[in-house]
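J.: Here you go, my_file_29.cif (mmCIF, C-alpha atoms):
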data_query
#
loop_
_atom_site.label_atom_id
_atom_site.label_comp_id
_atom_site.auth_asym_id
_atom_site.auth_seq_id
_atom_site.Cartn_x
_atom_site.Cartn_y
_atom_site.Cartn_z
CA MET A 17 1.20 13.46 34.41
CA GLU A 18 0.76 10.18 32.58
CA ASP A 19 -1.60 10.11 29.62
CA PRO A 20 -4.44 7.71 30.53
CA ASP A 21 -4.92 6.86 26.85
CA ARG A 22 -1.31 5.91 26.39
CA HIS A 23 -0.72 2.27 25.66
CA PRO A 24 2.49 0.23 25.74
CA THR A 25 4.52 0.69 22.59
CA THR A 26 6.80 -2.30 22.96
CA TRP A 27 6.00 -5.87 23.82
CA GLU A 28 8.61 -5.74 26.58
CA GLU A 29 6.58 -2.96 28.18
CA VAL A 30 3.46 -5.13 27.90
CA ALA A 31 5.36 -7.92 29.65
CA ARG A 32 6.45 -5.60 32.43
CA THR A 33 3.11 -3.90 32.99
CA HIS A 34 0.68 -6.74 32.27
CA GLY A 35 2.76 -9.89 32.55
CA ARG A 36 1.75 -10.76 36.07
CA ARG A 37 -1.95 -10.52 35.29
CA ILE A 38 -1.57 -12.51 32.06
CA TYR A 39 0.34 -15.27 33.82
CA THR A 40 -2.08 -15.37 36.76
CA PHE A 41 -5.01 -15.57 34.32
CA ALA A 42 -3.27 -18.41 32.49
CA TYR A 43 -2.49 -20.30 35.68
CA ARG A 44 -6.03 -19.98 37.06
CA LEU A 45 -7.40 -21.30 33.76
CA THR A 46 -4.96 -24.16 33.28
CA GLY A 47 -4.02 -25.06 36.85
CA ASP A 48 -0.51 -25.94 35.78
CA PRO A 49 2.54 -23.65 36.00
CA HIS A 50 4.16 -25.00 32.86
CA ASP A 51 0.98 -24.81 30.79
CA ALA A 52 0.40 -21.33 32.18
CA ALA A 53 3.90 -20.24 31.22
CA ASP A 54 3.39 -21.63 27.72
CA LEU A 55 0.06 -19.87 27.37
CA ALA A 56 1.37 -16.58 28.74
CA GLN A 57 4.37 -16.80 26.44
CA GLU A 58 2.07 -17.45 23.49
CA VAL A 59 0.08 -14.35 24.43
CA LEU A 60 3.20 -12.24 24.48
CA MET A 61 4.36 -13.62 21.15
CA ARG A 62 1.00 -12.64 19.66
CA VAL A 63 1.28 -9.22 21.27
CA ARG A 64 4.73 -8.86 19.76
CA ARG A 65 3.42 -9.74 16.32
CA GLY A 66 0.37 -7.55 16.59
CA LEU A 67 1.54 -4.49 18.46
CA ASP A 68 2.70 -2.61 15.38
CA GLY A 69 -0.77 -2.94 13.91
CA PHE A 70 -2.56 -1.80 17.06
CA THR A 71 -4.85 1.11 16.32
CA PRO A 72 -5.86 3.64 18.95
CA GLY A 73 -8.61 2.26 21.13
CA SER A 74 -8.88 0.22 24.27
CA PHE A 75 -5.54 -1.47 24.78
CA GLU A 76 -7.02 -3.59 27.57
CA ALA A 77 -9.74 -4.90 25.27
CA TRP A 78 -7.16 -5.67 22.59
CA LEU A 79 -4.80 -7.40 25.01
CA TRP A 80 -7.46 -9.56 26.62
CA ARG A 81 -8.97 -10.43 23.27
CA ILE A 82 -5.56 -11.81 22.30
CA THR A 83 -5.33 -13.63 25.61
CA HIS A 84 -8.80 -15.12 25.15
CA ASN A 85 -7.96 -16.29 21.63
CA ALA A 86 -4.76 -17.92 22.84
CA PHE A 87 -6.69 -19.73 25.57
CA VAL A 88 -9.36 -20.91 23.14
CA ASP A 89 -6.74 -22.17 20.68
CA GLU A 90 -4.88 -23.97 23.44
CA HIS A 91 -8.09 -25.51 24.75
CA ARG A 92 -9.00 -26.78 21.27
CA ARG A 93 -5.50 -28.20 20.84
CA ARG A 94 -5.80 -30.08 24.11
CA LYS A 95 -9.20 -31.48 23.21
CA ARG A 96 -7.59 -33.01 20.14
CA ARG A 97 -5.00 -34.62 22.42
CA PRO A 98 -6.98 -37.14 24.46
CA SER A 99 -4.00 -38.32 26.52
CA VAL A 100 -4.23 -35.17 28.60
CA PRO A 101 -6.50 -35.89 31.57
CA LEU A 102 -9.37 -33.54 32.22
CA PRO A 103 -9.38 -31.72 35.55
CA ASP A 104 -10.76 -33.85 38.34
CA GLU A 105 -14.24 -33.05 39.50
CA PRO A 106 -13.97 -31.86 43.08
CA ASP A 107 -15.99 -34.83 44.29
CA ARG A 108 -14.70 -34.52 47.80
CA LEU A 109 -15.91 -30.96 47.92
CA ALA A 110 -19.21 -31.70 46.26
CA GLN A 111 -20.01 -34.58 48.56
CA ALA A 112 -19.04 -32.89 51.79
CA ALA A 113 -21.85 -32.15 54.19
CA SER A 114 -22.70 -28.47 54.39
CA PRO A 115 -20.81 -27.03 57.35
CA PRO A 116 -21.87 -23.91 59.25
CA PRO A 117 -21.16 -20.60 57.48
CA ASP A 118 -18.08 -19.76 59.54
CA GLU A 119 -16.47 -23.03 58.60
CA VAL A 120 -17.37 -22.50 54.97
CA LEU A 121 -15.70 -19.13 54.95
CA ALA A 122 -12.60 -20.61 56.54
CA SER A 123 -12.45 -23.54 54.15
CA ILE A 124 -12.91 -21.53 50.99
CA ARG A 125 -9.85 -19.52 51.86
CA LEU A 126 -7.86 -22.59 50.97
CA GLY A 127 -6.60 -21.67 47.54
CA ASP A 128 -6.10 -25.26 46.40
CA ASP A 129 -9.77 -26.09 46.80
CA VAL A 130 -10.80 -22.93 44.99
CA GLN A 131 -8.36 -23.64 42.17
CA LYS A 132 -9.68 -27.21 41.81
CA ALA A 133 -13.24 -25.95 41.74
CA LEU A 134 -12.35 -23.37 39.08
CA LEU A 135 -10.83 -26.09 36.91
CA ALA A 136 -14.00 -28.16 37.18
CA LEU A 137 -16.13 -25.33 35.76
CA PRO A 138 -16.94 -25.25 32.05
CA PRO A 139 -14.13 -23.26 30.38
CA ASP A 140 -16.46 -20.41 29.38
CA PHE A 141 -17.63 -19.94 32.97
CA ARG A 142 -14.10 -20.28 34.34
CA GLU A 143 -12.75 -17.67 31.96
CA ALA A 144 -15.52 -15.17 32.71
CA ILE A 145 -15.06 -15.54 36.45
CA VAL A 146 -11.28 -15.27 36.30
CA MET A 147 -11.46 -12.23 34.05
CA CYS A 148 -13.92 -10.62 36.46
CA ASP A 149 -12.62 -11.58 39.89
CA VAL A 150 -8.91 -12.19 39.28
CA VAL A 151 -8.00 -9.88 36.41
CA GLY A 152 -10.51 -7.20 37.40
CA LEU A 153 -12.15 -6.57 34.03
CA SER A 154 -15.62 -5.06 33.73
CA TYR A 155 -18.46 -7.05 32.17
CA GLN A 156 -18.18 -4.87 29.06
CA GLU A 157 -14.46 -5.58 28.77
CA ILE A 158 -15.08 -9.30 29.22
CA ALA A 159 -17.77 -9.20 26.54
CA GLU A 160 -15.35 -7.49 24.14
CA ALA A 161 -12.50 -9.85 24.96
CA THR A 162 -14.54 -13.01 24.57
CA GLY A 163 -16.75 -11.83 21.72
CA VAL A 164 -20.11 -12.52 23.37
CA PRO A 165 -23.01 -10.25 24.41
CA ILE A 166 -22.80 -8.71 27.86
CA GLY A 167 -25.87 -10.72 28.89
CA THR A 168 -23.89 -13.90 28.24
CA VAL A 169 -21.08 -12.62 30.43
CA ARG A 170 -23.57 -11.90 33.18
CA SER A 171 -25.04 -15.38 32.89
CA ARG A 172 -21.67 -17.14 32.87
CA ILE A 173 -20.43 -15.30 35.94
CA HIS A 174 -23.63 -15.93 37.87
CA ARG A 175 -23.91 -19.61 36.98
CA GLY A 176 -20.21 -20.12 37.60
CA ARG A 177 -20.41 -18.59 41.05
CA ARG A 178 -23.43 -20.69 41.95
CA GLN A 179 -21.59 -23.81 40.89
CA LEU A 180 -18.47 -22.83 42.82
CA ARG A 181 -20.54 -22.19 45.90
CA GLU A 182 -22.18 -25.60 45.60
CA TRP A 183 -18.81 -27.35 45.35
CA LEU A 184 -17.02 -25.26 47.95
CA GLY A 185 -19.86 -25.20 50.44
CA MET B 44 -42.65 -11.06 41.71
CA SER B 45 -40.15 -13.25 39.90
CA HIS B 46 -36.67 -13.71 41.32
CA PRO B 47 -33.90 -11.54 39.83
CA GLY B 48 -31.73 -14.64 39.16
CA GLU B 49 -28.50 -13.77 37.39
CA LEU B 50 -29.14 -10.10 38.01
CA LEU B 51 -27.96 -10.78 41.56
CA SER B 52 -24.33 -11.36 40.57
CA ALA B 53 -24.36 -8.35 38.29
CA TRP B 54 -25.83 -6.27 41.11
CA LEU B 55 -23.05 -7.39 43.45
CA ASP B 56 -20.51 -6.34 40.85
CA GLY B 57 -22.13 -2.95 40.24
CA GLU B 58 -22.93 -4.03 36.68
CA VAL B 59 -26.63 -3.10 36.61
CA THR B 60 -28.61 -0.08 35.54
CA PRO B 61 -30.21 2.15 38.22
CA ASP B 62 -33.60 0.59 37.43
CA GLU B 63 -32.21 -2.92 37.78
CA SER B 64 -30.56 -1.96 41.04
CA ASP B 65 -33.87 -0.67 42.43
CA LEU B 66 -35.57 -3.87 41.33
CA VAL B 67 -33.00 -6.06 43.08
CA ARG B 68 -33.06 -4.03 46.28
CA LEU B 69 -36.83 -4.09 46.46
CA HIS B 70 -36.87 -7.81 45.88
CA LEU B 71 -34.22 -8.54 48.49
CA GLY B 72 -36.36 -6.75 51.04
CA THR B 73 -39.04 -9.35 50.64
CA CYS B 74 -37.33 -12.58 49.57
CA ASP B 75 -35.43 -14.77 52.03
CA ASP B 76 -34.30 -17.14 49.29
CA CYS B 77 -32.61 -14.39 47.31
CA ARG B 78 -30.97 -12.97 50.44
CA ARG B 79 -29.49 -16.40 51.05
CA GLU B 80 -28.38 -16.58 47.44
CA ILE B 81 -26.67 -13.21 47.74
CA GLY B 82 -24.74 -14.61 50.70
CA ASP B 83 -23.69 -17.61 48.63
CA LEU B 84 -22.62 -15.45 45.71
CA VAL B 85 -20.60 -13.17 47.98
CA ALA B 86 -18.82 -16.22 49.43
CA ALA B 87 -18.00 -17.60 45.97
CA ARG B 88 -16.75 -14.25 44.76
CA ARG B 89 -14.65 -13.76 47.87
CA ALA B 90 -13.10 -17.21 47.45
CA VAL B 91 -11.91 -16.43 43.93
CA ARG B 92 -10.78 -12.92 44.81
CA SER B 93 -8.75 -14.30 47.69
CA LEU B 94 -6.56 -16.27 45.28
CA PRO B 95 -3.11 -14.69 45.16
CA MET B 96 -1.63 -13.08 42.09
CA LEU B 97 1.25 -15.09 40.68
CA GLU B 98 4.69 -14.13 39.50
CA SER B 99 6.32 -15.90 36.63
CA SER B 100 9.60 -16.03 34.86
CA ALA B 101 7.74 -16.53 31.59
CA PHE B 102 8.12 -12.82 31.02
CA VAL B 103 11.86 -12.69 30.81
CA VAL B 104 12.32 -10.22 28.00
CA PRO B 105 14.07 -11.90 25.08
CA PRO B 106 16.41 -10.08 22.74
CA ARG B 107 14.84 -8.02 19.97
CA SER B 108 16.13 -10.42 17.36
CA GLY B 109 13.76 -13.06 18.74
CA ALA B 110 14.92 -16.19 20.47
CA ALA B 111 13.17 -19.51 20.04
CA PRO B 112 10.62 -20.37 22.74
CA SER B 113 12.71 -23.30 24.00
CA ARG B 114 15.62 -20.94 24.43
CA TRP B 115 13.40 -18.52 26.32
CA ARG B 116 12.33 -21.27 28.65
CA ALA B 117 15.91 -22.20 29.49
CA VAL B 118 16.61 -18.59 30.32
CA ALA B 119 13.36 -18.38 32.23
CA ALA B 120 14.15 -21.41 34.38
CA VAL B 121 17.36 -19.84 35.58
CA ALA B 122 15.68 -16.50 36.08
CA ALA B 123 12.88 -18.13 38.06
CA THR B 124 15.29 -19.59 40.55
CA VAL B 125 17.11 -16.31 40.89
CA ALA B 126 13.86 -14.37 41.19
CA VAL B 127 12.40 -16.69 43.80
CA LEU B 128 15.55 -16.73 45.88
CA GLY B 129 15.86 -12.98 45.49
CA ALA B 130 12.25 -12.44 46.53
CA GLY B 131 12.80 -14.54 49.61
CA VAL B 132 15.84 -12.53 50.61
CA LEU B 133 14.23 -9.18 49.86
CA LEU B 134 11.06 -10.00 51.72
CA GLY B 135 12.97 -11.52 54.59
CA ARG B 136 10.69 -14.51 54.31
CA PRO B 137 12.75 -17.44 53.09
CA ASP B 138 10.09 -19.76 54.52
CA HIS B 139 7.76 -18.38 51.82
CA VAL B 140 9.78 -20.22 49.21
CA THR B 141 9.24 -23.93 48.84
CA ALA B 142 11.19 -26.52 46.96
CA ASP B 143 8.37 -26.81 44.45
CA GLU B 144 8.53 -23.14 43.71
CA LEU B 145 12.19 -23.49 42.89
CA ILE B 146 11.28 -26.09 40.31
CA VAL B 147 8.15 -24.63 38.78
CA PRO B 148 8.38 -21.19 37.26
CA HIS B 149 6.00 -19.33 39.45
CA VAL B 150 5.70 -18.02 42.96
CA GLU B 151 2.60 -16.86 44.72
CA LEU B 152 2.44 -13.34 45.98
CA SER B 153 0.67 -12.63 49.19
CA SER B 154 -2.43 -10.82 48.01
CA ARG B 155 -4.28 -9.13 45.16
CA THR B 156 -3.74 -5.80 46.84
CA GLN B 157 -0.01 -6.27 46.95
CA ALA B 158 -0.09 -7.23 43.34
CA GLY B 159 -1.67 -3.91 42.47
CA VAL B 160 -5.02 -5.15 41.25
CA ALA B 161 -8.07 -3.17 42.25
CA PRO B 162 -10.34 -5.08 44.65
#
What's the structure tokens form of this structure?
T.:
Amino acid sequence: MEDPDRHPTTWEEVARTHGRRIYTFAYRLTGDPHDAADLAQEVLMRVRRGLDGFTPGSFEAWLWRITHNAFVDEHRRRKRRPSVPLPDEPDRLAQAASPPPDEVLASIRLGDDVQKALLALPPDFREAIVMCDVVGLSYQEIAEATGVPIGTVRSRIHRGRRQLREWLG
Amino acid sequence: MSHPGELLSAWLDGEVTPDESDLVRLHLGTCDDCRREIGDLVAARRAVRSLPMLESSAFVVPPRSGAAPSRWRAVAAVAATVAVLGAGVLLGRPDHVTADELIVPHVELSSRTQAGVAP
């Protein structure tokens, strides 16, 4: 029986067991496959450098802390590079008349619209929502990964969902 | 009684204490506005959760000696094409693969469940 406290001992194992979630996280936050690949690769390089120094504890918290830091660094780098356009506000979505609930449910299944709406959220809200609803982390794990109190996580997720609903509805 | 506000999302996610849960349930029994808000929050959460997990070639394992990132990417680009074509053959769904997916290094999987992430 597998030891639940066991954590990956090589970075290749991290890539195999967590790579899909890391890349999906990166794509949902950046909206671009190449940027996502760069970010995911950066995460794995940091994992590779840091794995030897990993001390027993929550591997998930450690991994997602690294992932968060890589995202923050990348975001700061992009802000210093003004030629990169910011994500478009989903004006079309925001201005659309509110359709009946059934139509809303059908329309929000369109992944492109949801992805655009995610990109229009403030990065802190976007990250909290993706960590919660895409990666599947608990609020406590998100708080540890992003270095904020759990009440802040709660607030970001709630406000982010309300904003998404307004745009997607 | 004041509205629970951001406690509503936490309640949906099972991230509240028993006391907070009681408070939210009691409030929802009497507040139409908050019942509507719960519906909105459920819809937003469902929309994000419905996004597929993605596969990438960015996780081609490089040699232990450590290749340069640009080298990795060249390897990854080839691997992406192979992986996407292979996935199409294995799944018997070549229509699932688009030209764009052959160019960009990712392919969407069909669902979170398939990707092994807890709902």
J.: Taking the file as I've supplied it (selection: the PyMOL selection byres ((chain B and resi 70) around 12)), which residues are included? Please answer as a PDB file with C-alpha atoms, in the coordinates of the input.
T.:
ATOM      1  CA  MET B  44     -42.650 -11.060  41.710  1.00  0.00           C
ATOM      2  CA  SER B  45     -40.150 -13.250  39.900  1.00  0.00           C
ATOM      3  CA  HIS B  46     -36.670 -13.710  41.320  1.00  0.00           C
ATOM      4  CA  PRO B  47     -33.900 -11.540  39.830  1.00  0.00           C
ATOM      5  CA  GLY B  48     -31.730 -14.640  39.160  1.00  0.00           C
ATOM      6  CA  LEU B  50     -29.140 -10.100  38.010  1.00  0.00           C
ATOM      7  CA  LEU B  51     -27.960 -10.780  41.560  1.00  0.00           C
ATOM      8  CA  GLU B  63     -32.210  -2.920  37.780  1.00  0.00           C
ATOM      9  CA  SER B  64     -30.560  -1.960  41.040  1.00  0.00           C
ATOM     10  CA  ASP B  65     -33.870  -0.670  42.430  1.00  0.00           C
ATOM     11  CA  LEU B  66     -35.570  -3.870  41.330  1.00  0.00           C
ATOM     12  CA  VAL B  67     -33.000  -6.060  43.080  1.00  0.00           C
ATOM     13  CA  ARG B  68     -33.060  -4.030  46.280  1.00  0.00           C
ATOM     14  CA  LEU B  69     -36.830  -4.090  46.460  1.00  0.00           C
ATOM     15  CA  LEU B  71     -34.220  -8.540  48.490  1.00  0.00           C
ATOM     16  CA  GLY B  72     -36.360  -6.750  51.040  1.00  0.00           C
ATOM     17  CA  THR B  73     -39.040  -9.350  50.640  1.00  0.00           C
ATOM     18  CA  CYS B  74     -37.330 -12.580  49.570  1.00  0.00           C
ATOM     19  CA  ASP B  75     -35.430 -14.770  52.030  1.00  0.00           C
ATOM     20  CA  ASP B  76     -34.300 -17.140  49.290  1.00  0.00           C
ATOM     21  CA  CYS B  77     -32.610 -14.390  47.310  1.00  0.00           C
ATOM     22  CA  ARG B  78     -30.970 -12.970  50.440  1.00  0.00           C
ATOM     23  CA  ILE B  81     -26.670 -13.210  47.740  1.00  0.00           C
TER      24      ILE B  81
END
J.: May I have the residues within 12 Å of A:Gly163 as a count of residues only, using all atoms listed in the file and disregarding those fewer than 3 positions away in the same chain?
T.: 20
J.: Show me which bits of chain A are within 7 Å of chain B, counting all atoms listed in the file, as number ranges by chain.
T.: A: 28, 31, 35-36, 39-40, 49, 53, 56-57, 121, 124-125, 127, 130, 149-150, 152, 170-171, 174, 177-178, 180-181
J.: Please indicate the distance in Å from atom CA of A:Phe41 to atom CA of A:Thr25, rounded to one decimal place.
T.: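 Interatomic distance, atom CA of A:Phe41 to atom CA of A:Thr25: 22.2 Å.
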J.: So how many Å separate atom CA of A:Arg32 and atom CA of A:Asp89, to one decimal?
T.: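 Atom CA of A:Asp89 lies 24.2 Å from atom CA of A:Arg32.
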